[in-house]
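Have a look at the structure below, then the notes.
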Amino acid sequence: MAISAADRKRVKSQGFLSNRDGEHFSVRIITENGVLSASQLKNLSEVAERFGNGNISFTSRMTLELPGISFENIEAVKEYVAKDGMVTGGTGAKVRPVVSCKGSVCTFGLLDTQAIATQIHKRFFEGYGNVTLPHKFKIAVGGCPNNCVKPDLNDFGITGQNRPVLNTEACRGCKKCLVESSCPMQAAHFEEGTCQINRELCNNCGICQRKCPFGAIETHTSGCRIYIGGRWGKQIRHGSMLKGIFSVEEALDILEKSILLFKEKGQPHERFGSMIDRIGLDKVEQELLEGDLLQRKQQILEKA
């Protein structure tokens with residue numbers, strides 16, 4: 001059957017993207033935090049065999065797509081995945097599905113990334129699901145400075161941080177300092193009989209705090225770094241890092257302010273990073289850290 005351009009646009013907004021053959025679609029499955037249960041995976045396998053071409057693809061943003069679905073089976077697919085609590089979608093000029101690394105279980109993880117991603121999914125992907133933005137808005141949560149999910153290449157990125165401090169009374173001045181030898185950034189060095197930390201080199205990965213047998217390295221600040229305006233693709237922009245280390249609660253409020261500011265100040269078809277460059281990072285950072293965007297939330301959301 002002939003599929004009209006209007007129908008293609010309508011089903012794309014529901015997460016069904018046209019395949020290259022022009023006759024079939026790939027359905028994009030949304031996860032809250034990149035985790036699926038065994039039951040949900042079984043469900044998707046059944047969908048792929050019953051309605052698709054038998055394959056399941058992983059996207060670059062850690063979601064799943066099932067290709068080879070005919071237009072006539074789109075409603076049946078939506079009903080089938082809904083039986084296991086799953087939905088389709090994730091396209092359009094709006095908040096996109098959040099990407100999370102495995103920081104919740106990773107030995108390097110400084111944040112419970114999957115729990116944070118679930119909060120973001122419910123508060124912003126679902127909560128702002130009907131809010132049209134100037135362009136897509138992508139979010140990533142990384143558990144540590146290894147940056148496996150590239151937080152600084154998303155419109156809003158969170159990276160776990162654990163800022164160390166030296167307990168000089170506990171430092172024994174060991175000839176072979178395990179903190180110095182284990183530091184991946186070479187920020188820790190032995191000087192004047194004690195371990196020193198070069199703050200300009202330290203990326204707050206927290207590895208050193210598990211190395212000293214005498215507990216000479218302690219946590220000074222734990223939380224997250226925030227990057228705004230990152231973008232990958234035809235035009236690359238590394239995210240701008242906001243000053244300071246923030247709690248998760250603070251980071252989520254700043255995320256909401258970022259979405260509201262983008263809604264208010266962004267121009268049609270303009271990415272968040274381009275808006276930041278146009279307005280100026282200093283002004284944007286001031287709005288996000290000191291502005292009244294949350295107080296004006298309803299007014300901003302009522303903007304056409």
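Note on naming: chains are A, B, ... as they come in the structure tokens, residues start from 1 per chain, ligands start from 1 in the order shown.
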Q.
Neighbouring residues of Thr221 in chain A were defined as those with any atom within 7 Å, considering only C-alpha atoms; residues of the same chain fewer than 2 positions away were excluded. Please report them as an NGL selection string.
A. :A and (162-163 or 219 or 223)
Next, dump the selected residues to file, keeping only C-alpha atoms, as an mmCIF file, in the first residue's frame.
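Contents of result_10.cif, as written:
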data_model
loop_
_atom_site.group_PDB
_atom_site.id
_atom_site.type_symbol
_atom_site.label_atom_id
_atom_site.label_comp_id
_atom_site.auth_asym_id
_atom_site.auth_seq_id
_atom_site.Cartn_x
_atom_site.Cartn_y
_atom_site.Cartn_z
ATOM 1 C CA ASN A 162 34.780 12.771 43.861
ATOM 2 C CA ARG A 163 37.188 15.565 44.737
ATOM 3 C CA THR A 219 36.679 12.873 49.999
ATOM 4 C CA GLY A 223 28.603 15.079 43.303
#
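Within 6 Å of range 243-252 of chain A, once only C-alpha atoms are used and residues closer than 2 positions along the same chain are dropped, the contacting residues are Gly223, Cys224, Arg225, Ile254 and Leu255 of chain A.
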Q. Got a sec to tell me which of range 27-262 of chain A DSSP assigns to strand (DSSP E), as a ChimeraX atom specification?
A. /A:27-30,57-58,64-70,87-88,99-100,139-142,156-166,188-191,194-197,217-228,240-241
Q: Determine, counting only C-alpha atoms, which protein, DNA and RNA residues have an atom within 9 Å of an atom of range 265-271 of chain A; residues of the same chain fewer than 4 positions away are not included. Present the result as an MDAnalysis selection string.
A: chainID A and resid 93 133:137 155 229 231 260:261 275:276 279
Can you write out the residues you just picked, keeping N, CA and C atoms, as a short mmCIF file (atom, residue, chain, number, x, y, z; two decimals), in the first residue's frame?
data_model
loop_
_atom_site.label_atom_id
_atom_site.label_comp_id
_atom_site.auth_asym_id
_atom_site.auth_seq_id
_atom_site.Cartn_x
_atom_site.Cartn_y
_atom_site.Cartn_z
N ALA A 93 11.33 17.35 18.13
CA ALA A 93 11.95 18.50 18.79
C ALA A 93 11.46 18.58 20.23
N LEU A 133 10.12 21.94 21.78
CA LEU A 133 11.30 22.78 21.94
C LEU A 133 11.79 23.24 20.57
N PRO A 134 12.74 24.17 20.53
CA PRO A 134 13.26 24.61 19.23
C PRO A 134 13.91 23.48 18.44
N HIS A 135 14.46 22.50 19.15
CA HIS A 135 15.14 21.37 18.51
C HIS A 135 15.19 20.23 19.52
N LYS A 136 15.76 19.12 19.13
CA LYS A 136 15.95 17.99 20.04
C LYS A 136 16.81 18.41 21.23
N PHE A 137 16.62 17.72 22.36
CA PHE A 137 17.39 18.02 23.57
C PHE A 137 17.82 16.70 24.17
N ASP A 155 23.33 17.78 24.87
CA ASP A 155 22.83 19.11 25.23
C ASP A 155 22.98 19.37 26.72
N GLY A 229 25.21 22.23 26.31
CA GLY A 229 25.38 22.65 24.92
C GLY A 229 26.26 21.78 24.07
N ARG A 231 27.24 18.76 21.44
CA ARG A 231 26.57 18.32 20.21
C ARG A 231 27.54 17.46 19.41
N LEU A 260 13.89 24.93 30.22
CA LEU A 260 13.02 26.11 30.20
C LEU A 260 13.69 27.27 29.46
N LEU A 261 14.99 27.45 29.68
CA LEU A 261 15.71 28.54 29.00
C LEU A 261 15.74 28.28 27.49
N MET A 275 22.42 28.21 20.73
CA MET A 275 21.77 29.26 21.51
C MET A 275 22.74 29.82 22.55
N ILE A 276 23.51 28.94 23.19
CA ILE A 276 24.49 29.39 24.19
C ILE A 276 25.53 30.28 23.54
N ILE A 279 23.85 33.73 22.77
CA ILE A 279 23.54 34.56 23.94
C ILE A 279 24.80 34.88 24.74
#
Q.
Quick one: residues within 9 Å of Gly68 in chain A, only C-alpha atoms, excluding same-chain residues fewer than 4 positions away - as a ChimeraX atom specification?
A. /A:19,23-27,48,51-55
(Q) Which residues are close to Asn147 in chain A, i.e. within 9 Å by only C-alpha atoms, leaving aside same-chain residues fewer than 6 positions away? Reply as a list in words. (A)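 Within the cut-off, the hits are Cys101, Val141 and Thr159 of chain A.
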Dump C-alpha atoms for the selected residues as an mmCIF file, in the first residue's frame?
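Wrote it out as result_21.cif, contents follow:
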data_model
loop_
_atom_site.group_PDB
_atom_site.id
_atom_site.type_symbol
_atom_site.label_atom_id
_atom_site.label_comp_id
_atom_site.auth_asym_id
_atom_site.auth_seq_id
_atom_site.Cartn_x
_atom_site.Cartn_y
_atom_site.Cartn_z
ATOM 1 C CA CYS A 101 26.381 4.444 31.584
ATOM 2 C CA VAL A 141 24.475 10.646 32.720
ATOM 3 C CA THR A 159 29.540 13.372 35.150
#
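With only C-alpha atoms as the atoms that count, the residue of A:Phe108, A:Gly206, A:Phe125, A:Leu64 with the shortest distance to Leu41 in chain A is A:Leu64.
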